Amino acid sequence: MRVYRLLGSVALLAAFGMSVAGPAQAQNAMQAAVPQADTFTLKLPPGDPAAAAAQTGTMQFIGTATVLIRYQGLTILTDPNFVHKGEHVHLGYGLTSQRQTNPAIEFDKLPPIDLVILSHMHDDHFDKLVQERLNRNTPIVSTREASEGLKRLGFQQRFALSDWDRLEVSKGEARLRITAVPGRHGAAGVSVLLPTVMGSVLDFGANADVPDYRMYISGDTLVYDDIHTIAQRYPGIDLALLHLGGTRILGTFKVTMDGKDGVQMMQIVKPKKTVPIHYNDYDVFKSPLSEFAREVKAAGLDEGVVYLAHGDTYTFTPRKAPKPAP
Ligand SMILES: [Zn+2]
């Protein structure tokens with residue numbers, strides 16, 4: 001096993017060496033210049049009318065990048081990761097990472113889930129337990145690459161989005177538009193060897209162009225040019241969930257935002273509130289939450305950040321609440 005890991009690491013290093021600043025950069029630039037967007041739809045059966053008429057929404061932090069978002073009777077789960085402290089996840093190329101925390105909720109205790117948003121296919125975002133136990137009919141919104149993996153695992157309702165593609169979701173009176181936005185797991189040369197990543201913008205409300213509430217989930221990304229495009233196309237973000245952790249693979253290559261990057265991200269996308277997630281949960285996460293908190297303070301952005309411990313819930317009030325239940 002140790003030999004296998006070592007070989008994997010050597011192969012990975014060799015591949016990094018060959019690909020730095022390769023043709024992928026030019027390709028990315030072209031994609032950004034010529035955006036093509038497809039629209040998909042998902043109609044869910046109407047649920048509990050009382051939940052649909054709730055005047056506020058909630059976002060509960062379960063751990064890593066796993067959150068439960070509930071609004072207007074919709075229940076959305078992101079990047080489901082339910083393995084426990086001490087267990088290992090695989091990150092490809094024979095690399096593994098050990099979990100340092102427990103999820104705040106056990107997988108079996110989750111409420112019924114309407115859909116899953118999966119930023120990318122990595123074991124710390126869609127772990128073995130979830131791969132085995134998640135209901136095969138759960139709609140999953142993700143990248144094309146991840147959707148291929150989900151198909152092999154037997155998941156039936158896959159929505160494979162490229163950058164700027166949309167999924168229009170309806171459930172009774174509730175409306176949600178999910179737009180896939182750019183994310184890149186590391187510097188240009190490194191990211192080509194890692195899964196493609198999808199950030200997402202969630203626009204709640206009857207008119208997604210003038211949403212009642214706009215949420216941005218970064219996915220595992222660094223700050224790079226395309227992040228500015230997100231800010232231009234989706235201004236007025238109410239809540240940003242930022243994947244931090246300053247993840248380092250092979251102890252060297254940074255593949256997620258550290259504390260400083262998180263603040264830079266806030267300065268670009270200008271969310272009204274930011275909740276940091278994806279930190280302190282794995283031994284490959286090298287930038288602790290305290291580093292982000294220090295940078296936030298130094299930048300004078302304290303008021304815009306909500307710190308949630310695992311299990312904590314943030315309650316939000318949309319600009320326009322749904323009609324109260326009769
Ligand atoms: Zn991750």
# chains A, B, ... in the order shown; residues from 1 in each chain; ligands from 1
call {"tool": "residues_around", "arguments": {"residues": "Ser119 of chain A", "least_positions_apart": "3", "cutoff": "8 Å", "atoms": "only C-alpha atoms", "output": "list in words"}}
result
Thr78, Asp79, His125, Ser142, Thr143, Val197, Met198, Gly199, Ser200, Gly219 and Asp220 of chain A
call {"tool": "write_last_selection", "arguments": {"atoms": "N, CA and C atoms", "output": "mmCIF file, in the first residue's frame"}}
result
data_model
loop_
_atom_site.group_PDB
_atom_site.id
_atom_site.type_symbol
_atom_site.label_atom_id
_atom_site.label_comp_id
_atom_site.auth_asym_id
_atom_site.auth_seq_id
_atom_site.Cartn_x
_atom_site.Cartn_y
_atom_site.Cartn_z
ATOM 1 N N THR A 78 -25.643 19.734 0.242
ATOM 2 C CA THR A 78 -24.468 19.944 -0.595
ATOM 3 C C THR A 78 -23.345 18.988 -0.200
ATOM 4 N N ASP A 79 -22.548 18.632 -1.163
ATOM 5 C CA ASP A 79 -21.312 17.854 -0.985
ATOM 6 C C ASP A 79 -21.357 16.900 0.220
ATOM 7 N N HIS A 125 -16.146 14.904 -0.503
ATOM 8 C CA HIS A 125 -17.373 15.610 -0.895
ATOM 9 C C HIS A 125 -18.499 14.633 -1.237
ATOM 10 N N SER A 142 -24.430 18.342 -10.738
ATOM 11 C CA SER A 142 -22.978 18.369 -10.621
ATOM 12 C C SER A 142 -22.319 18.634 -11.971
ATOM 13 N N THR A 143 -21.015 18.452 -12.021
ATOM 14 C CA THR A 143 -20.276 18.624 -13.266
ATOM 15 C C THR A 143 -20.549 17.427 -14.189
ATOM 16 N N VAL A 197 -14.478 21.320 -11.217
ATOM 17 C CA VAL A 197 -15.235 21.814 -10.064
ATOM 18 C C VAL A 197 -16.315 22.777 -10.530
ATOM 19 N N MET A 198 -17.462 22.675 -9.876
ATOM 20 C CA MET A 198 -18.576 23.569 -10.170
ATOM 21 C C MET A 198 -18.865 24.427 -8.947
ATOM 22 N N GLY A 199 -18.778 25.744 -9.116
ATOM 23 C CA GLY A 199 -19.382 26.608 -8.118
ATOM 24 C C GLY A 199 -20.857 26.673 -8.444
ATOM 25 N N SER A 200 -21.683 27.203 -7.544
ATOM 26 C CA SER A 200 -23.094 27.327 -7.910
ATOM 27 C C SER A 200 -23.709 28.581 -7.316
ATOM 28 N N GLY A 219 -17.521 25.991 -4.084
ATOM 29 C CA GLY A 219 -16.837 24.761 -4.487
ATOM 30 C C GLY A 219 -15.373 24.869 -4.105
ATOM 31 N N ASP A 220 -14.617 23.800 -4.344
ATOM 32 C CA ASP A 220 -13.181 23.820 -4.046
ATOM 33 C C ASP A 220 -12.479 24.572 -5.162
#
call {"tool": "residues_near_ligand", "arguments": {"ligand": "ligand 1", "cutoff": "8 Å", "atoms": "only C-alpha atoms and all ligand atoms", "output": "JSON, numbers by chain"}}
result
{"A": [64, 65, 122, 124, 125, 219, 220, 243, 247, 256, 278]}
call {"tool": "residues_around", "arguments": {"residues": "Lys273 of chain A", "least_positions_apart": "3", "cutoff": "9 Å", "atoms": "only C-alpha atoms", "output": "list in words"}}
result
Ile237, Asp238, Leu239, Ala240, Leu241, Lys270, Glu303, Gly304, Val305 and Val306 of chain A
call {"tool": "write_last_selection", "arguments": {"atoms": "C-alpha atoms", "output": "compact mmCIF listing (two decimals), in the first residue's frame"}}
result
# COMPACT_ATOMS: atom_id res chain seq x y z
CA ILE A 237 -25.15 37.90 -3.53
CA ASP A 238 -26.88 37.62 -0.16
CA LEU A 239 -24.93 34.70 1.24
CA ALA A 240 -21.65 33.12 0.17
CA LEU A 241 -20.50 29.74 1.39
CA LYS A 270 -19.10 41.14 -2.29
CA GLU A 303 -19.53 42.19 10.29
CA GLY A 304 -19.97 40.34 7.02
CA VAL A 305 -18.93 36.95 8.36
CA VAL A 306 -21.03 34.42 10.22
call {"tool": "residues_around", "arguments": {"residues": "Gly47 of chain A", "least_positions_apart": "3", "cutoff": "12 Å", "atoms": "only C-alpha atoms", "output": "ChimeraX atom specification"}}
result
/A:43-44,50-53,71-75,112-114,170-174
call {"tool": "select_by_dssp", "arguments": {"residues": "segment 111-250 of chain A", "states": "strand (DSSP E or B)", "output": "PyMOL selection string"}}
result
chain A and resi 115-117+140-143+158-161+166-171+174-183+197-204+213-217+239-243+247-249
call {"tool": "decode", "arguments": {"residues": "segment 172-201 of chain A", "atoms": "C-alpha atoms", "output": "CSV table (one decimal), in the first residue's frame"}}
result
chain,number,residue,atom,x,y,z
A,172,GLY,CA,-45.3,23.3,-5.6
A,173,GLU,CA,-45.1,27.1,-5.5
A,174,ALA,CA,-41.4,27.1,-4.7
A,175,ARG,CA,-38.9,28.1,-7.4
A,176,LEU,CA,-35.2,27.8,-7.5
A,177,ARG,CA,-32.7,28.3,-10.3
A,178,ILE,CA,-29.2,26.7,-9.8
A,179,THR,CA,-26.5,28.1,-12.1
A,180,ALA,CA,-23.2,26.4,-12.5
A,181,VAL,CA,-20.4,28.9,-12.2
A,182,PRO,CA,-16.6,28.5,-12.7
A,183,GLY,CA,-14.4,27.0,-10.1
A,184,ARG,CA,-10.9,25.6,-10.5
A,185,HIS,CA,-9.3,23.1,-8.1
A,186,GLY,CA,-5.8,24.6,-7.9
A,187,ALA,CA,-3.5,26.6,-10.2
A,188,ALA,CA,-4.0,26.1,-13.9
A,189,GLY,CA,-1.4,23.4,-14.3
A,190,VAL,CA,-2.4,21.5,-11.2
A,191,SER,CA,-6.2,21.6,-11.7
A,192,VAL,CA,-6.1,19.6,-14.9
A,193,LEU,CA,-5.1,16.6,-12.9
A,194,LEU,CA,-7.9,17.1,-10.4
A,195,PRO,CA,-11.6,16.8,-10.8
A,196,THR,CA,-13.4,19.6,-12.6
A,197,VAL,CA,-15.2,21.8,-10.1
A,198,MET,CA,-18.6,23.6,-10.2
A,199,GLY,CA,-19.4,26.6,-8.1
A,200,SER,CA,-23.1,27.3,-7.9
A,201,VAL,CA,-25.4,30.3,-7.6
